[in-house]
Amino acid sequence: MRFVTPARGAAPRRGRTAWPVRLRRIAAGLASGLFILAALAGIAGLALLWRSGAIADALAKGTAAIDTRSAELGLTVRSVLVEGRAETPAASVLTALSVQRGQPLLAFDPGAAKLRLEQLGWVREAAVERRFPGTILVKLVERHPLALWQHDGKLALVDDTGTVIARDHIERFASLPIVVGDDAPQYAPALLAMLGSEPGLKSRVTAAVRVSGRRWNLRLDNAIDVRLPEERAEAAWKRLADLDRAYGLLRRDIIAIDLRMPDRLVLQLPPEAAHRLREPGADT
């Protein structure tokens, strides 16, 4: 056997050893292609199975088997504990939970129950947990009534976010102020917070009417109407309280007070009082 060194600059001749390398590359490419085709076929097969419902049925049967086995081991619903419930009817809570005594604990879905509970009028927030071996724990945060909303001739109870709590059996909340207007519940929390800056005067407000979606008219317990301005309503409210403290304004024979102009106060008198003022010698 001779060992031949190629001449300088001469390209080496392709010998028999080059073919195995090329074959290996071709084989590797074919293998990769076949793998991709197999993967795609597998995905397509899974898609067909999923559309046919076979996978969903298999998962459901597996879940049911686990639930049954867990129940055989004693993991069943034995009690429901509810914390934070004051106004929400117990029957409504149980209906929203959709649970039966003795059912497998693992078959109960806390997330779905939470969503159903938070659809109840009195419930602002709910938390639901499974406590092994057999307890469902429910924690409720209920809404706080703020006012009665008069709309389309009917009353509804609203909370401090303007959300409707209930429309029926709200007679015991008759002492709350009444707000009137399509958007009144949305703006009522801010209004009542502002009125609270003068607590003594706020306690005399029996109703508030939203005017043109811009401002409020108030009705006091002695039937005096107070017209608040669109802007700087809090300053006007304080001015009314100061005038009442200084001069007993709200004890006068007045049917309306207009506070919409910052530099003046407009009083509307009943017809008989206005007539007396027009008489000669009347004290003005």
# chains A, B, ... in the order shown; residues from 1 in each chain; ligands from 1
>>> residues_around(residues="Leu117 of chain A", least_positions_apart="4", cutoff="8 Å", atoms="only C-alpha atoms", output="list in words")
Val93, Ala96, Leu97, Ala113, Val123 and Ala126 of chain A
>>> residues_around(residues="Leu243 of chain A", least_positions_apart="5", cutoff="12 Å", atoms="only C-alpha atoms", output="PyMOL selection string")
chain A and resi 201+236-238+248-252+257+259+265
>>> write_last_selection(atoms="N, CA, C and O atoms", output="mmCIF file, in the first residue's frame")
data_model
loop_
_atom_site.group_PDB
_atom_site.id
_atom_site.type_symbol
_atom_site.label_atom_id
_atom_site.label_comp_id
_atom_site.auth_asym_id
_atom_site.auth_seq_id
_atom_site.Cartn_x
_atom_site.Cartn_y
_atom_site.Cartn_z
ATOM 1 N N LEU A 201 -76.787 69.150 59.707
ATOM 2 C CA LEU A 201 -77.620 69.499 58.558
ATOM 3 C C LEU A 201 -77.911 68.276 57.689
ATOM 4 O O LEU A 201 -79.010 68.146 57.138
ATOM 5 N N ALA A 236 -70.975 75.751 49.157
ATOM 6 C CA ALA A 236 -72.348 76.226 49.287
ATOM 7 C C ALA A 236 -73.049 75.548 50.458
ATOM 8 O O ALA A 236 -73.813 76.194 51.203
ATOM 9 N N TRP A 237 -72.792 74.263 50.640
ATOM 10 C CA TRP A 237 -73.395 73.511 51.745
ATOM 11 C C TRP A 237 -72.926 74.063 53.094
ATOM 12 O O TRP A 237 -73.720 74.227 54.015
ATOM 13 N N LYS A 238 -71.654 74.395 53.202
ATOM 14 C CA LYS A 238 -71.114 74.969 54.433
ATOM 15 C C LYS A 238 -71.704 76.365 54.669
ATOM 16 O O LYS A 238 -72.019 76.740 55.811
ATOM 17 N N GLY A 248 -80.636 81.214 62.132
ATOM 18 C CA GLY A 248 -81.793 80.321 62.175
ATOM 19 C C GLY A 248 -82.544 80.324 60.861
ATOM 20 O O GLY A 248 -83.788 80.311 60.837
ATOM 21 N N LEU A 249 -81.811 80.325 59.757
ATOM 22 C CA LEU A 249 -82.415 80.474 58.436
ATOM 23 C C LEU A 249 -83.475 79.411 58.156
ATOM 24 O O LEU A 249 -84.538 79.703 57.587
ATOM 25 N N LEU A 250 -83.188 78.178 58.546
ATOM 26 C CA LEU A 250 -84.090 77.079 58.201
ATOM 27 C C LEU A 250 -85.342 77.050 59.064
ATOM 28 O O LEU A 250 -86.229 76.224 58.839
ATOM 29 N N ARG A 251 -85.426 77.966 60.048
ATOM 30 C CA ARG A 251 -86.646 78.086 60.844
ATOM 31 C C ARG A 251 -87.584 79.158 60.281
ATOM 32 O O ARG A 251 -88.694 79.331 60.778
ATOM 33 N N ARG A 252 -87.125 79.852 59.255
ATOM 34 C CA ARG A 252 -87.929 80.910 58.654
ATOM 35 C C ARG A 252 -89.004 80.323 57.727
ATOM 36 O O ARG A 252 -88.967 79.153 57.373
ATOM 37 N N ILE A 257 -84.361 77.466 48.872
ATOM 38 C CA ILE A 257 -83.131 78.249 48.999
ATOM 39 C C ILE A 257 -82.259 77.915 47.805
ATOM 40 O O ILE A 257 -81.914 76.747 47.590
ATOM 41 N N LEU A 259 -78.703 78.187 46.135
ATOM 42 C CA LEU A 259 -77.298 78.457 46.444
ATOM 43 C C LEU A 259 -76.422 78.408 45.196
ATOM 44 O O LEU A 259 -75.201 78.318 45.303
ATOM 45 N N LEU A 265 -77.682 84.888 47.854
ATOM 46 C CA LEU A 265 -78.587 83.836 48.320
ATOM 47 C C LEU A 265 -79.991 84.202 47.867
ATOM 48 O O LEU A 265 -80.474 85.306 48.122
#
>>> select_by_dssp(residues="segment 135-249 of chain A", states="strand (DSSP E)", output="MDAnalysis selection string")
chainID A and resid 135:142 145:151 154:159 164:166 178:180 205:211 215:220 225:227
>>> atom_distance(atom1="atom CA of Arg210 of chain A", atom2="atom CA of Tyr187 of chain A")
8.7 Å
>>> atom_distance(atom1="atom CA of Gln103 of chain A", atom2="atom CA of Ala127 of chain A")
20.4 Å
>>> residues_around(residues="Val211 of chain A", least_positions_apart="4", cutoff="9 Å", atoms="only C-alpha atoms", output="list of chain:residue names")
A:Val180, A:Gly181, A:Arg215, A:Trp216, A:Asn217
>>> atom_distance(atom1="atom CA of Thr76 of chain A", atom2="atom CA of Ser98 of chain A")
14.4 Å
>>> closest_atom_pairs(of="segment 101-186 of chain A", to="segment 192-198 of chain A", cutoff="12 Å", atoms="only C-alpha atoms", output="CSV")
residue,atom,partner,partner_atom,distance
A:Leu146,CA,A:Leu192,CA,8.5
A:Ala147,CA,A:Leu192,CA,9.1
A:Asp159,CA,A:Leu192,CA,11.6
A:Asp160,CA,A:Leu192,CA,9.3
A:Thr161,CA,A:Leu192,CA,11.6
A:Gly162,CA,A:Leu192,CA,11.5
A:Leu176,CA,A:Leu192,CA,11.0
A:Pro177,CA,A:Leu192,CA,9.1
A:Ile178,CA,A:Leu192,CA,11.0
A:Val179,CA,A:Leu192,CA,10.1
A:Ala184,CA,A:Leu192,CA,11.3
A:Pro185,CA,A:Leu192,CA,10.9
A:Gln186,CA,A:Leu192,CA,11.6
